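Student: Contents of my_file13.cif (mmCIF, C-alpha atoms (C1' of nucleotides)):
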```cif
data_work
loop_
_atom_site.label_atom_id
_atom_site.label_comp_id
_atom_site.auth_asym_id
_atom_site.auth_seq_id
_atom_site.Cartn_x
_atom_site.Cartn_y
_atom_site.Cartn_z
CA MET A 15 50.05 92.79 12.93
CA ALA A 16 49.09 94.32 9.62
CA ARG A 17 46.05 96.24 8.51
CA PRO A 18 42.78 95.60 10.36
CA ARG A 19 39.41 94.92 8.76
CA GLN A 20 37.16 97.83 7.87
CA PHE A 21 34.03 95.71 8.22
CA ASP A 22 32.50 93.67 11.01
CA GLU A 23 32.75 90.00 10.13
CA GLN A 24 29.81 89.07 12.34
CA ASP A 25 27.67 91.76 10.76
CA ALA A 26 28.59 90.41 7.34
CA VAL A 27 27.48 86.93 8.37
CA ILE A 28 24.18 88.39 9.57
CA ARG A 29 23.53 90.07 6.24
CA ALA A 30 24.56 86.92 4.37
CA THR A 31 22.18 84.87 6.47
CA ASP A 32 19.35 87.24 5.65
CA LEU A 33 20.05 87.02 1.92
CA PHE A 34 20.47 83.24 1.80
CA TRP A 35 17.35 82.91 3.94
CA ARG A 36 15.19 84.92 1.56
CA ARG A 37 16.54 83.67 -1.79
CA GLY A 38 18.04 80.27 -1.08
CA TYR A 39 21.50 79.01 -1.93
CA ASN A 40 21.43 78.71 -5.70
CA ALA A 41 19.54 81.94 -6.35
CA THR A 42 22.03 84.01 -4.34
CA SER A 43 25.12 85.00 -6.30
CA VAL A 44 28.46 86.03 -4.89
CA ARG A 45 27.92 89.49 -6.36
CA ASP A 46 24.55 89.76 -4.63
CA LEU A 47 26.33 88.96 -1.40
CA GLY A 48 29.06 91.47 -2.14
CA ALA A 49 26.51 94.22 -2.69
CA GLU A 50 24.56 93.32 0.44
CA LEU A 51 27.60 92.89 2.69
CA GLN A 52 29.32 95.90 1.12
CA LEU A 53 32.57 94.14 0.49
CA THR A 54 34.48 93.28 -2.64
CA PRO A 55 34.93 89.74 -3.95
CA SER A 56 38.53 89.65 -2.76
CA SER A 57 37.56 90.52 0.81
CA LEU A 58 34.69 88.08 0.72
CA TYR A 59 36.87 85.21 -0.40
CA ARG A 60 39.76 86.07 1.87
CA THR A 61 37.42 86.13 4.85
CA PHE A 62 34.98 83.34 4.06
CA THR A 63 36.96 81.06 1.72
CA ASP A 64 34.11 80.60 -0.76
CA LYS A 65 30.36 80.80 -1.25
CA HIS A 66 29.67 77.36 0.14
CA THR A 67 31.66 77.99 3.32
CA LEU A 68 29.90 81.30 3.83
CA PHE A 69 26.60 79.49 3.46
CA LEU A 70 27.60 77.07 6.20
CA ARG A 71 28.56 80.05 8.36
CA ALA A 72 25.13 81.53 7.69
CA LEU A 73 23.46 78.26 8.68
CA ASP A 74 25.49 78.12 11.88
CA HIS A 75 24.64 81.72 12.68
CA TYR A 76 20.96 81.05 12.13
CA ARG A 77 21.10 78.11 14.46
CA ALA A 78 22.95 80.14 17.10
CA THR A 79 20.45 83.00 17.00
CA ASP A 80 17.01 82.30 15.53
CA SER A 81 16.93 78.59 16.30
CA ALA A 82 18.34 79.20 19.76
CA GLN A 83 15.69 81.82 20.43
CA ALA A 84 12.99 79.40 19.34
CA GLU A 85 14.38 76.77 21.67
CA GLN A 86 14.45 79.27 24.50
CA ARG A 87 10.81 80.18 23.94
CA LEU A 88 9.96 76.50 24.34
CA ASP A 89 11.29 76.48 27.89
CA ALA A 90 8.20 76.33 30.07
CA ALA A 91 9.75 77.76 33.25
CA GLY A 92 6.61 77.14 35.24
CA ARG A 93 4.15 78.48 32.69
CA PRO A 94 1.32 76.26 31.45
CA VAL A 95 2.66 73.79 28.89
CA ARG A 96 -0.18 74.19 26.42
CA ARG A 97 0.11 77.94 26.58
CA VAL A 98 3.85 77.77 25.99
CA LEU A 99 3.38 75.48 23.04
CA ARG A 100 0.66 77.59 21.49
CA ASP A 101 2.52 80.88 21.90
CA TRP A 102 5.64 79.26 20.52
CA MET A 103 3.98 77.96 17.38
CA LEU A 104 2.14 81.22 16.80
CA TRP A 105 5.43 83.04 17.15
CA LEU A 106 7.06 80.67 14.66
CA VAL A 107 4.64 81.61 11.92
CA SER A 108 4.54 85.32 12.69
CA CYS A 109 8.08 86.30 13.67
CA ALA A 110 9.33 86.18 10.11
CA SER A 111 6.38 88.29 9.02
CA ASP A 112 7.60 91.32 10.91
CA GLY A 113 8.22 93.84 8.19
CA GLU A 114 8.52 91.42 5.33
CA SER A 115 6.68 88.17 4.95
CA GLY A 116 7.20 84.74 3.54
CA ARG A 117 10.71 83.95 4.66
CA GLY A 118 9.77 80.71 6.32
CA CYS A 119 12.51 78.92 8.22
CA PHE A 120 16.05 79.06 6.88
CA VAL A 121 16.70 75.47 7.92
CA VAL A 122 13.51 74.15 6.34
CA ASN A 123 14.09 76.11 3.15
CA THR A 124 17.62 74.78 2.95
CA ALA A 125 16.59 71.19 3.66
CA THR A 126 14.03 71.22 0.86
CA GLU A 127 16.23 73.05 -1.63
CA LEU A 128 19.34 70.91 -1.19
CA GLY A 129 17.73 67.72 0.06
CA THR A 130 20.33 65.16 1.05
CA THR A 131 22.85 66.12 -1.63
CA ASP A 132 25.18 68.19 0.54
CA ALA A 133 26.57 66.28 3.51
CA GLN A 134 27.82 69.33 5.40
CA VAL A 135 24.52 71.12 4.98
CA ARG A 136 22.53 68.05 5.88
CA GLN A 137 24.50 67.54 9.08
CA ARG A 138 23.57 71.07 10.18
CA THR A 139 19.90 70.89 9.26
CA GLU A 140 19.56 67.54 10.99
CA ALA A 141 21.24 68.91 14.10
CA ALA A 142 18.83 71.86 14.12
CA PHE A 143 15.88 69.52 13.70
CA GLU A 144 17.08 67.30 16.52
CA VAL A 145 17.38 70.27 18.89
CA THR A 146 13.77 71.19 18.22
CA ARG A 147 12.62 67.64 18.78
CA GLN A 148 14.47 67.42 22.06
CA ALA A 149 13.00 70.71 23.25
CA LEU A 150 9.52 69.47 22.38
CA ARG A 151 10.20 66.22 24.19
CA SER A 152 11.31 68.00 27.35
CA LEU A 153 8.27 70.22 27.32
CA LEU A 154 5.86 67.34 26.84
CA ARG A 155 7.55 65.31 29.57
CA GLU A 156 7.20 68.20 31.94
CA GLY A 157 3.54 68.57 31.04
CA ARG A 158 2.88 64.91 31.58
CA ASN A 159 4.73 64.84 34.89
CA ASN A 160 2.94 67.82 36.40
CA GLY A 161 -0.48 66.63 35.25
CA GLU A 162 -1.13 69.20 32.58
CA LEU A 163 -1.08 66.50 29.93
CA PRO A 164 -2.60 62.99 30.04
CA THR A 165 -0.50 60.51 31.97
CA ASP A 166 -0.85 57.99 29.15
CA LEU A 167 0.32 60.45 26.52
CA ASP A 168 2.68 58.82 24.02
CA ILE A 169 5.51 61.33 24.15
CA ASP A 170 7.41 59.98 21.15
CA ALA A 171 4.31 60.01 18.98
CA ALA A 172 3.32 63.49 20.13
CA VAL A 173 6.81 64.82 19.43
CA GLU A 174 6.73 63.41 15.92
CA LEU A 175 3.33 64.93 15.24
CA LEU A 176 4.19 68.34 16.65
CA PHE A 177 7.55 68.46 14.94
CA THR A 178 6.03 67.48 11.61
CA THR A 179 3.31 70.07 12.07
CA VAL A 180 5.90 72.75 12.74
CA LEU A 181 7.71 71.96 9.50
CA GLY A 182 4.39 72.19 7.67
CA LEU A 183 3.65 75.52 9.33
CA ARG A 184 7.02 76.87 8.22
CA VAL A 185 6.31 75.86 4.64
CA ARG A 186 2.89 77.45 4.76
CA GLU A 187 4.23 80.69 6.18
CA ARG A 188 6.77 80.79 3.37
CA ALA A 189 3.98 80.12 0.89
CA GLY A 190 2.06 83.11 2.24
CA HIS A 191 -0.88 81.21 3.69
CA ASP A 192 -3.54 82.91 5.77
CA PRO A 193 -2.30 83.32 9.39
CA GLU A 194 -5.76 82.55 10.73
CA ARG A 195 -5.72 79.15 9.10
CA LEU A 196 -2.28 78.49 10.49
CA ALA A 197 -3.62 79.41 13.92
CA THR A 198 -6.44 76.95 13.41
CA ALA A 199 -3.93 74.22 12.62
CA ILE A 200 -1.93 75.13 15.71
CA ASP A 201 -4.94 74.90 18.00
CA ALA A 202 -5.89 71.57 16.47
CA ALA A 203 -2.38 70.24 17.04
CA ILE A 204 -2.47 71.25 20.70
CA GLN A 205 -5.91 69.81 21.19
CA ALA A 206 -4.54 66.56 19.81
CA LEU A 207 -2.39 66.25 22.92
CA GLY A 208 -5.43 65.22 24.93
CA SER A 209 -7.90 66.74 27.33
CA THR A 210 -6.49 66.36 30.86
CA ARG A 211 -6.82 69.58 32.85
CA MET B 1 2.66 70.68 -43.26
CA ALA B 2 6.40 70.64 -42.80
CA ARG B 3 8.68 68.29 -40.95
CA PRO B 4 7.25 66.47 -37.91
CA ARG B 5 8.88 66.23 -34.48
CA GLN B 6 11.27 63.39 -33.83
CA PHE B 7 10.57 63.44 -30.10
CA ASP B 8 7.45 63.03 -27.99
CA GLU B 9 6.57 66.35 -26.43
CA GLN B 10 4.70 64.73 -23.55
CA ASP B 11 7.63 62.47 -22.82
CA ALA B 12 9.91 65.51 -22.77
CA VAL B 13 7.66 67.19 -20.22
CA ILE B 14 7.79 64.06 -18.08
CA ARG B 15 11.59 64.06 -18.08
CA ALA B 16 11.68 67.79 -17.39
CA THR B 17 9.32 67.33 -14.46
CA ASP B 18 11.56 64.65 -13.03
CA LEU B 19 14.64 66.87 -13.30
CA PHE B 20 13.01 70.01 -11.89
CA TRP B 21 11.50 67.88 -9.13
CA ARG B 22 14.85 66.51 -8.01
CA ARG B 23 17.01 69.61 -8.40
CA GLY B 24 14.64 72.55 -8.16
CA TYR B 25 14.25 75.45 -10.57
CA ASN B 26 17.46 77.41 -10.10
CA ALA B 27 19.77 74.42 -9.90
CA THR B 28 18.51 72.99 -13.19
CA SER B 29 20.15 74.49 -16.26
CA VAL B 30 18.79 74.52 -19.76
CA ARG B 31 21.70 72.33 -20.83
CA ASP B 32 20.88 69.82 -18.09
CA LEU B 33 17.38 69.72 -19.50
CA GLY B 34 18.68 69.35 -23.02
CA ALA B 35 20.80 66.36 -22.03
CA GLU B 36 17.95 64.71 -20.11
CA LEU B 37 15.28 65.35 -22.72
CA GLN B 38 17.71 64.51 -25.54
CA LEU B 39 16.96 67.59 -27.55
CA THR B 40 19.00 70.57 -28.61
CA PRO B 41 18.53 74.09 -27.24
CA SER B 42 16.84 75.19 -30.44
CA SER B 43 14.24 72.43 -30.25
CA LEU B 44 13.71 73.08 -26.58
CA TYR B 45 13.07 76.78 -27.10
CA ARG B 46 10.97 76.30 -30.21
CA THR B 47 8.75 73.86 -28.38
CA PHE B 48 8.62 75.30 -24.86
CA THR B 49 9.37 79.02 -25.38
CA ASP B 50 11.83 79.26 -22.49
CA LYS B 51 12.96 77.67 -19.24
CA HIS B 52 10.32 79.34 -17.13
CA THR B 53 7.47 78.27 -19.38
CA LEU B 54 8.79 74.72 -19.42
CA PHE B 55 8.86 74.81 -15.64
CA LEU B 56 5.20 75.83 -15.58
CA ARG B 57 4.46 72.96 -17.95
CA ALA B 58 6.27 70.62 -15.57
CA LEU B 59 4.24 71.90 -12.64
CA ASP B 60 1.02 71.42 -14.58
CA HIS B 61 2.05 67.92 -15.58
CA TYR B 62 2.85 67.05 -11.98
CA ARG B 63 -0.54 68.26 -10.88
CA ALA B 64 -2.26 66.31 -13.63
CA THR B 65 -0.50 63.05 -12.78
CA ASP B 66 1.07 62.74 -9.32
CA SER B 67 -1.23 65.18 -7.55
CA ALA B 68 -4.25 63.72 -9.31
CA GLN B 69 -3.23 60.22 -8.26
CA ALA B 70 -2.88 61.39 -4.67
CA GLU B 71 -6.32 62.91 -4.80
CA GLN B 72 -7.72 59.71 -6.22
CA ARG B 73 -6.23 57.66 -3.39
CA LEU B 74 -8.04 59.89 -0.96
CA ASP B 75 -11.40 58.83 -2.34
CA ALA B 76 -12.85 56.52 0.28
CA ALA B 77 -15.28 54.63 -1.96
CA GLY B 78 -16.77 52.77 0.95
CA ARG B 79 -13.50 51.87 2.68
CA PRO B 80 -12.90 52.90 6.29
CA VAL B 81 -11.98 56.57 6.44
CA ARG B 82 -9.14 56.18 8.91
CA ARG B 83 -7.65 53.37 6.89
CA VAL B 84 -7.86 55.44 3.70
CA LEU B 85 -6.21 58.37 5.40
CA ARG B 86 -3.45 56.28 6.90
CA ASP B 87 -2.68 54.41 3.70
CA TRP B 88 -2.71 57.67 1.79
CA MET B 89 -0.24 59.40 4.08
CA LEU B 90 2.05 56.37 4.20
CA TRP B 91 1.96 56.28 0.43
CA LEU B 92 2.84 59.98 0.25
CA VAL B 93 6.07 59.48 2.15
CA SER B 94 7.06 56.25 0.43
CA CYS B 95 6.02 56.59 -3.21
CA ALA B 96 8.87 58.94 -4.03
CA SER B 97 11.28 56.54 -2.37
CA ASP B 98 10.77 53.89 -5.00
CA GLY B 99 14.17 53.55 -6.56
CA GLU B 100 15.57 56.86 -5.49
CA SER B 101 14.77 58.67 -2.30
CA GLY B 102 14.39 62.15 -1.02
CA ARG B 103 12.46 63.81 -3.82
CA GLY B 104 9.71 65.08 -1.57
CA CYS B 105 6.79 66.78 -3.26
CA PHE B 106 7.44 68.87 -6.36
CA VAL B 107 4.82 71.41 -5.33
CA VAL B 108 6.17 71.75 -1.79
CA ASN B 109 9.75 72.00 -3.01
CA THR B 110 8.73 74.68 -5.48
CA ALA B 111 6.69 76.63 -2.95
CA THR B 112 9.60 76.79 -0.52
CA GLU B 113 12.24 77.53 -3.15
CA LEU B 114 10.38 80.33 -4.92
CA GLY B 115 8.12 81.47 -2.08
CA THR B 116 5.68 84.11 -3.24
CA THR B 117 8.04 85.76 -5.72
CA ASP B 118 6.64 84.19 -8.88
CA ALA B 119 2.95 84.88 -9.42
CA GLN B 120 2.43 82.20 -12.08
CA VAL B 121 4.14 79.56 -9.98
CA ARG B 122 2.33 80.59 -6.84
CA GLN B 123 -1.05 80.36 -8.54
CA ARG B 124 -0.29 76.75 -9.46
CA THR B 125 1.07 75.69 -6.09
CA GLU B 126 -1.90 77.28 -4.33
CA ALA B 127 -4.31 75.51 -6.66
CA ALA B 128 -2.61 72.19 -5.92
CA PHE B 129 -2.78 72.86 -2.18
CA GLU B 130 -6.45 73.75 -2.38
CA VAL B 131 -7.25 70.52 -4.20
CA THR B 132 -5.66 68.52 -1.40
CA ARG B 133 -7.52 70.45 1.24
CA GLN B 134 -10.81 69.89 -0.51
CA ALA B 135 -10.14 66.18 -0.85
CA LEU B 136 -9.34 65.99 2.85
CA ARG B 137 -12.49 67.93 3.68
CA SER B 138 -14.66 65.57 1.64
CA LEU B 139 -13.15 62.53 3.28
CA LEU B 140 -13.60 63.90 6.78
CA ARG B 141 -17.17 64.91 6.07
CA GLU B 142 -17.93 61.42 4.85
CA GLY B 143 -16.34 59.95 7.97
CA ARG B 144 -18.33 62.19 10.24
CA ASN B 145 -21.59 61.49 8.43
CA ASN B 146 -21.29 57.72 8.50
CA GLY B 147 -20.22 57.64 12.13
CA GLU B 148 -16.60 56.67 11.67
CA LEU B 149 -15.49 59.99 13.08
CA PRO B 150 -16.88 61.93 16.06
CA THR B 151 -20.03 63.86 15.24
CA ASP B 152 -18.62 66.95 16.93
CA LEU B 153 -15.41 66.85 14.91
CA ASP B 154 -14.35 70.31 13.79
CA ILE B 155 -13.81 69.59 10.10
CA ASP B 156 -12.09 72.87 9.26
CA ALA B 157 -9.63 72.50 12.12
CA ALA B 158 -8.94 68.86 11.29
CA VAL B 159 -8.33 69.72 7.63
CA GLU B 160 -5.84 72.42 8.59
CA LEU B 161 -4.01 70.05 10.92
CA LEU B 162 -3.89 67.17 8.46
CA PHE B 163 -2.89 69.38 5.55
CA THR B 164 -0.14 71.04 7.58
CA THR B 165 1.06 67.62 8.72
CA VAL B 166 1.22 66.42 5.15
CA LEU B 167 3.42 69.34 4.13
CA GLY B 168 5.68 68.56 7.06
CA LEU B 169 5.84 64.91 6.04
CA ARG B 170 6.83 65.90 2.53
CA VAL B 171 9.64 68.04 3.86
CA ARG B 172 10.83 65.26 6.11
CA GLU B 173 10.76 62.71 3.31
CA ARG B 174 12.86 65.08 1.21
CA ALA B 175 15.24 65.52 4.15
CA GLY B 176 15.70 61.76 4.35
CA HIS B 177 14.08 61.22 7.73
CA ASP B 178 13.45 57.76 9.13
CA PRO B 179 10.26 56.30 7.59
CA GLU B 180 9.33 54.73 10.92
CA ARG B 181 9.23 58.09 12.59
CA LEU B 182 7.13 59.47 9.78
CA ALA B 183 4.76 56.56 10.30
CA THR B 184 4.60 57.42 13.99
CA ALA B 185 3.66 61.00 13.11
CA ILE B 186 1.01 59.74 10.71
CA ASP B 187 -0.60 57.50 13.32
CA ALA B 188 -0.57 60.34 15.83
CA ALA B 189 -2.26 62.64 13.32
CA ILE B 190 -5.02 60.12 12.70
CA GLN B 191 -5.50 59.44 16.36
CA ALA B 192 -5.98 63.19 16.79
CA LEU B 193 -9.20 62.91 14.82
CA GLY B 194 -10.94 61.39 17.84
CA SER B 195 -11.97 58.02 19.15
CA THR B 196 -15.48 57.25 17.84
CA ARG B 197 -15.73 53.68 16.48
"C1'" DC C 29 8.32 66.98 -58.53
"C1'" DT C 30 8.24 71.55 -56.31
"C1'" DC C 31 7.99 74.42 -52.73
"C1'" DA C 32 6.95 76.29 -48.37
"C1'" DT C 33 7.64 75.09 -43.73
"C1'" DT C 34 9.26 73.16 -39.67
"C1'" DC C 35 12.65 70.27 -37.97
"C1'" DG C 36 17.50 68.80 -35.67
"C1'" DG C 37 22.13 70.21 -34.91
"C1'" DG C 38 25.26 73.35 -33.36
"C1'" DA C 39 27.87 77.57 -33.21
"C1'" DA C 40 27.77 81.61 -30.78
"C1'" DC C 41 25.61 85.70 -28.57
"C1'" DG C 42 26.02 88.90 -24.31
"C1'" DA C 43 25.59 88.34 -19.49
"C1'" DT C 44 26.68 86.43 -15.35
"C1'" DC C 45 28.60 82.71 -12.69
"C1'" DG C 46 32.25 81.49 -8.81
"C1'" DC C 47 36.67 82.75 -8.14
"C1'" DT C 48 41.76 84.60 -8.55
"C1'" DC C 49 45.25 87.82 -8.93
"C1'" DC C 50 47.55 92.25 -8.52
"C1'" DC C 51 48.60 96.48 -6.34
"C1'" DA C 52 48.34 100.63 -3.84
"C1'" DT C 53 46.94 101.44 0.88
"C1'" DA C 54 46.81 101.35 5.73
"C1'" DC C 55 47.99 99.40 9.91
"C1'" DC C 56 50.97 96.98 13.67
"C1'" DT C 57 55.57 95.81 15.30
"C1'" DC C 58 60.06 97.06 16.12
"C1'" DG D 24 60.75 106.16 10.86
"C1'" DA D 25 61.34 101.45 8.48
"C1'" DG D 26 59.68 96.93 7.32
"C1'" DG D 27 56.41 93.31 7.16
"C1'" DT D 28 51.67 92.10 6.53
"C1'" DA D 29 46.96 91.91 5.69
"C1'" DT D 30 43.53 94.98 3.65
"C1'" DG D 31 40.20 97.19 0.04
"C1'" DG D 32 39.41 97.91 -4.70
"C1'" DG D 33 38.94 96.20 -9.05
"C1'" DA D 34 40.26 94.12 -13.36
"C1'" DG D 35 39.79 89.87 -15.25
"C1'" DC D 36 40.10 84.65 -15.34
"C1'" DG D 37 37.63 80.43 -17.60
"C1'" DA D 38 33.20 78.42 -17.34
"C1'" DT D 39 28.51 78.42 -17.68
"C1'" DC D 40 24.16 80.84 -17.80
"C1'" DG D 41 19.61 81.55 -20.74
"C1'" DT D 42 18.83 82.45 -25.29
"C1'" DT D 43 19.17 83.35 -30.42
"C1'" DC D 44 20.39 82.51 -35.00
"C1'" DC D 45 21.69 80.00 -39.06
"C1'" DC D 46 21.68 76.15 -42.04
"C1'" DG D 47 21.09 71.66 -44.11
"C1'" DA D 48 17.59 68.03 -43.72
"C1'" DA D 49 13.13 66.15 -43.83
"C1'" DT D 50 8.36 66.38 -44.58
"C1'" DG D 51 3.39 67.62 -46.03
"C1'" DA D 52 0.60 70.21 -49.55
"C1'" DG D 53 -0.28 71.50 -54.43
#
```
Could you rewrite the structure in this file as C-alpha cells?
Tutor:
Amino acid sequence: MARPRQFDEQDAVIRATDLFWRRGYNATSVRDLGAELQLTPSSLYRTFTDKHTLFLRALDHYRATDSAQAEQRLDAAGRPVRRVLRDWMLWLVSCASDGESGRGCFVVNTATELGTTDAQVRQRTEAAFEVTRQALRSLLREGRNNGELPTDLDIDAAVELLFTTVLGLRVRERAGHDPERLATAIDAAIQALGSTR
Amino acid sequence: MARPRQFDEQDAVIRATDLFWRRGYNATSVRDLGAELQLTPSSLYRTFTDKHTLFLRALDHYRATDSAQAEQRLDAAGRPVRRVLRDWMLWLVSCASDGESGRGCFVVNTATELGTTDAQVRQRTEAAFEVTRQALRSLLREGRNNGELPTDLDIDAAVELLFTTVLGLRVRERAGHDPERLATAIDAAIQALGSTR
DNA sequence: CTCATTCGGGAACGATCGCTCCCATACCTC
DNA sequence: GAGGTATGGGAGCGATCGTTCCCGAATGAG
C-alpha cells in the first residue's frame, strides 16, 4: 500500500553509524545526517522517529556488524590461542585505520562521551562490553584446557586485564598513537598470560 | 587602573574544568558555563576570549592540578614499587568517585571526544599522556635497579602495557564499571610485571 | 574631584539546533 | 481508472547556539 521508499533504510543506518562514529553524538547535527544520508528532515524523522532513536539504531547496527566481526575473529577454531589473541588485538587497532584513521571504537567513544547519563545508551554499551568479555573468557578457557596457557591461570583476572587493555588500545588508536607502540602493548599483554608452551 | 574583577579568575577556571570534565566540550554550552561560573557572557568573553580558549585553559588547569597530583603519587620515594603502582591505580579509579561517580579522566574523555581534529587540544592531551608514561618509566626503572622487579624486565613494553591499562581503567570508571573488577584488572597488570621479590 | 578605563548586567545579533507541518507526487489496492 | 496512503521536498516552527554590543556602575591614577 502507498508509495515505497526511494532510499535503502539499512544503507541510511550504515551512513549514520559512520557519522556518529567519527564525530560523536553531540557534534553530529540532524542536518549533517540529512546531508550524509541524502534524505530530507521529514523522511529522516518519519523513518527514525528522532535523532536519539537513530543513534540507538546506529549503536545496534555497529554491534551487529563491527562488534560481531570482532567477536568472530576471537573464535579460536583450533588455531593457537595466543596467535588468535594477538591477531585480534592488532586488527582492533588497525581496522579502523583503513583509509581514514582515528575512529577508535564506536562503543568506547559513546561510553566516554555520554558516560552513565543515558540509560538506553548505557544498556547497549554494557551489552557490547559483556559480549567481548565473554568471548575473551571462552578463548582463555580453551587455551587453559588444551595446555596452551598455564593451568593455574586466573581466568577472571586475565579477562579483566585483557578487556581493560583493549579499551585502552581503542582510546589510543582514536588519539592517533603510534601503531608500533600499540603493538608493543599488545605483545606485553599476551606475555602477561604466562609462559606455558 | 579601572574597575577590578568581582570574581576570582582561577576559581572560574576550576568550575569550568569541572563542567567540561563531566559533560565534555560539545555538550557544555556557554550559558551552562555562565550559570556555573556565576558570570555573564560579557565577562566570560572579556576574560577568556571564547569557549574554545576557556576549554584550553580548563585542560591546562587539569594538567596542573589533577594530572600533577597523579604524577606525584607515582613517585616511589623509597616505598615498594609494586605497592606504589597498585595504590596509584586504585586511586585513579576511585578519586573521581568521591561524591559523584563516572567522571573518568578529563584528558581521556577529551581525547576520545575530539580525537585528532583539534591540534591545540591534541597537543595538550599528548603532553599529558607523555608525562604519565615518563613517570611510569621512572618508577619501573627504579624497581628494576633496586631488585624489586626482574632484572630482565622490558621497561618499554611494561610502560606501554601499564599506560594502556590505565586508559582502559579510566574509560571503565567513566562507564560505571564495578570497582572490584577494576581492582582485579589492576592486580593482574601488576602481576604481569614479573615475580622477583 | 575628574577622568579614563574596565567592570557587571543584559539585550540582542545571525546562525544553527532538533523537529513539525504542508503539499504535490508517486505508488499499491481495488 | 479511481481512491487511499505513504513518500520526498522544503518552508518554517520555537529554542538555543556562540558571540557581540551597549550602557550604567565602580574603581585607580592625576
Student: Run the PyMOL selection byres ((chain B and resi 105-109) around 8) against the file shown and list the residues it catches, as a list in words.
Tutor: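 Evaluating the PyMOL selection byres ((chain B and resi 105-109) around 8) on these coordinates yields Thr126, Glu127 and Val185 of chain A; Phe20, Trp21, Arg22, Gly24, Leu59, Tyr62, Arg103, Gly104, Thr110, Ala111, Thr112, Glu113, Thr125, Ala128, Leu167, Arg170, Val171 and Arg174 of chain B.
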Student: Store the residues of this selection in a file with C-alpha atoms, as a compact mmCIF listing (two decimals), keeping the file's coordinate frame.
Tutor:
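selection-v6.txt, freshly written:
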```txt
# COMPACT_ATOMS: atom_id res chain seq x y z
CA THR A 126 14.03 71.22 0.86
CA GLU A 127 16.23 73.05 -1.63
CA VAL A 185 6.31 75.86 4.64
CA PHE B 20 13.01 70.01 -11.89
CA TRP B 21 11.50 67.88 -9.13
CA ARG B 22 14.85 66.51 -8.01
CA GLY B 24 14.64 72.55 -8.16
CA LEU B 59 4.24 71.90 -12.64
CA TYR B 62 2.85 67.05 -11.98
CA ARG B 103 12.46 63.81 -3.82
CA GLY B 104 9.71 65.08 -1.57
CA THR B 110 8.73 74.68 -5.48
CA ALA B 111 6.69 76.63 -2.95
CA THR B 112 9.60 76.79 -0.52
CA GLU B 113 12.24 77.53 -3.15
CA THR B 125 1.07 75.69 -6.09
CA ALA B 128 -2.61 72.19 -5.92
CA LEU B 167 3.42 69.34 4.13
CA ARG B 170 6.83 65.90 2.53
CA VAL B 171 9.64 68.04 3.86
CA ARG B 174 12.86 65.08 1.21
```
Student: What is the distance, in Å and to one decimal place, between CA of Arg97 in chain A and CA of Phe143 in chain A?
Tutor: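 These atoms are spaced 22.0 Å apart.
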Student: Up to 12 Å from (23.0, 90.5, 8.4) in the file's coordinates: name the residues, counting all atoms listed in the file, as number ranges by chain.
Tutor: A: 22-36, 47, 50-52, 71-72, 75-76, 79
Student: Got time to write the residues from that selection, C-alpha atoms, as a PDB file, in the frame of the given file?
Tutor:
```
ATOM      1  CA  ASP A  22      32.500  93.670  11.010  1.00  0.00           C
ATOM      2  CA  GLU A  23      32.750  90.000  10.130  1.00  0.00           C
ATOM      3  CA  GLN A  24      29.810  89.070  12.340  1.00  0.00           C
ATOM      4  CA  ASP A  25      27.670  91.760  10.760  1.00  0.00           C
ATOM      5  CA  ALA A  26      28.590  90.410   7.340  1.00  0.00           C
ATOM      6  CA  VAL A  27      27.480  86.930   8.370  1.00  0.00           C
ATOM      7  CA  ILE A  28      24.180  88.390   9.570  1.00  0.00           C
ATOM      8  CA  ARG A  29      23.530  90.070   6.240  1.00  0.00           C
ATOM      9  CA  ALA A  30      24.560  86.920   4.370  1.00  0.00           C
ATOM     10  CA  THR A  31      22.180  84.870   6.470  1.00  0.00           C
ATOM     11  CA  ASP A  32      19.350  87.240   5.650  1.00  0.00           C
ATOM     12  CA  LEU A  33      20.050  87.020   1.920  1.00  0.00           C
ATOM     13  CA  PHE A  34      20.470  83.240   1.800  1.00  0.00           C
ATOM     14  CA  TRP A  35      17.350  82.910   3.940  1.00  0.00           C
ATOM     15  CA  ARG A  36      15.190  84.920   1.560  1.00  0.00           C
ATOM     16  CA  LEU A  47      26.330  88.960  -1.400  1.00  0.00           C
ATOM     17  CA  GLU A  50      24.560  93.320   0.440  1.00  0.00           C
ATOM     18  CA  LEU A  51      27.600  92.890   2.690  1.00  0.00           C
ATOM     19  CA  GLN A  52      29.320  95.900   1.120  1.00  0.00           C
ATOM     20  CA  ARG A  71      28.560  80.050   8.360  1.00  0.00           C
ATOM     21  CA  ALA A  72      25.130  81.530   7.690  1.00  0.00           C
ATOM     22  CA  HIS A  75      24.640  81.720  12.680  1.00  0.00           C
ATOM     23  CA  TYR A  76      20.960  81.050  12.130  1.00  0.00           C
ATOM     24  CA  THR A  79      20.450  83.000  17.000  1.00  0.00           C
TER      25      THR A  79
END
```
Student: What do you get, as a PyMOL selection string, if you spell out every residue that the PyMOL selection byres ((chain B) within 8 of (chain A)) selects here?
Tutor: chain B and resi 23-24+26-27+102-104+108-109+111-116+122+157-158+160-161+164-169+171-172+174-176+181-182+184-189+191-193
Student: Dump as a ChimeraX atom specification the residues of chain A that approach chain C to within 12 Å, counting all atoms listed in the file.
Tutor: /A:15-20,40-46,55-60,63-66
Student: Where atoms are missing, can you supply N, CA and C atoms for range 81-86 of chain A and output the lot as an mmCIF file, in the coordinates of the input?
Tutor:
```cif
data_model
loop_
_atom_site.group_PDB
_atom_site.id
_atom_site.type_symbol
_atom_site.label_atom_id
_atom_site.label_comp_id
_atom_site.auth_asym_id
_atom_site.auth_seq_id
_atom_site.Cartn_x
_atom_site.Cartn_y
_atom_site.Cartn_z
ATOM 1 N N SER A 81 17.288 79.897 15.770
ATOM 2 C CA SER A 81 16.930 78.590 16.300
ATOM 3 C C SER A 81 17.066 78.560 17.816
ATOM 4 N N ALA A 82 18.132 79.184 18.313
ATOM 5 C CA ALA A 82 18.340 79.200 19.760
ATOM 6 C C ALA A 82 17.225 79.959 20.464
ATOM 7 N N GLN A 83 16.791 81.057 19.837
ATOM 8 C CA GLN A 83 15.690 81.820 20.430
ATOM 9 C C GLN A 83 14.410 80.994 20.465
ATOM 10 N N ALA A 84 14.172 80.255 19.389
ATOM 11 C CA ALA A 84 12.990 79.400 19.340
ATOM 12 C C ALA A 84 13.047 78.355 20.455
ATOM 13 N N GLU A 85 14.217 77.772 20.619
ATOM 14 C CA GLU A 85 14.380 76.770 21.670
ATOM 15 C C GLU A 85 14.129 77.371 23.045
ATOM 16 N N GLN A 86 14.619 78.590 23.212
ATOM 17 C CA GLN A 86 14.450 79.270 24.500
ATOM 18 C C GLN A 86 12.975 79.534 24.793
#
```
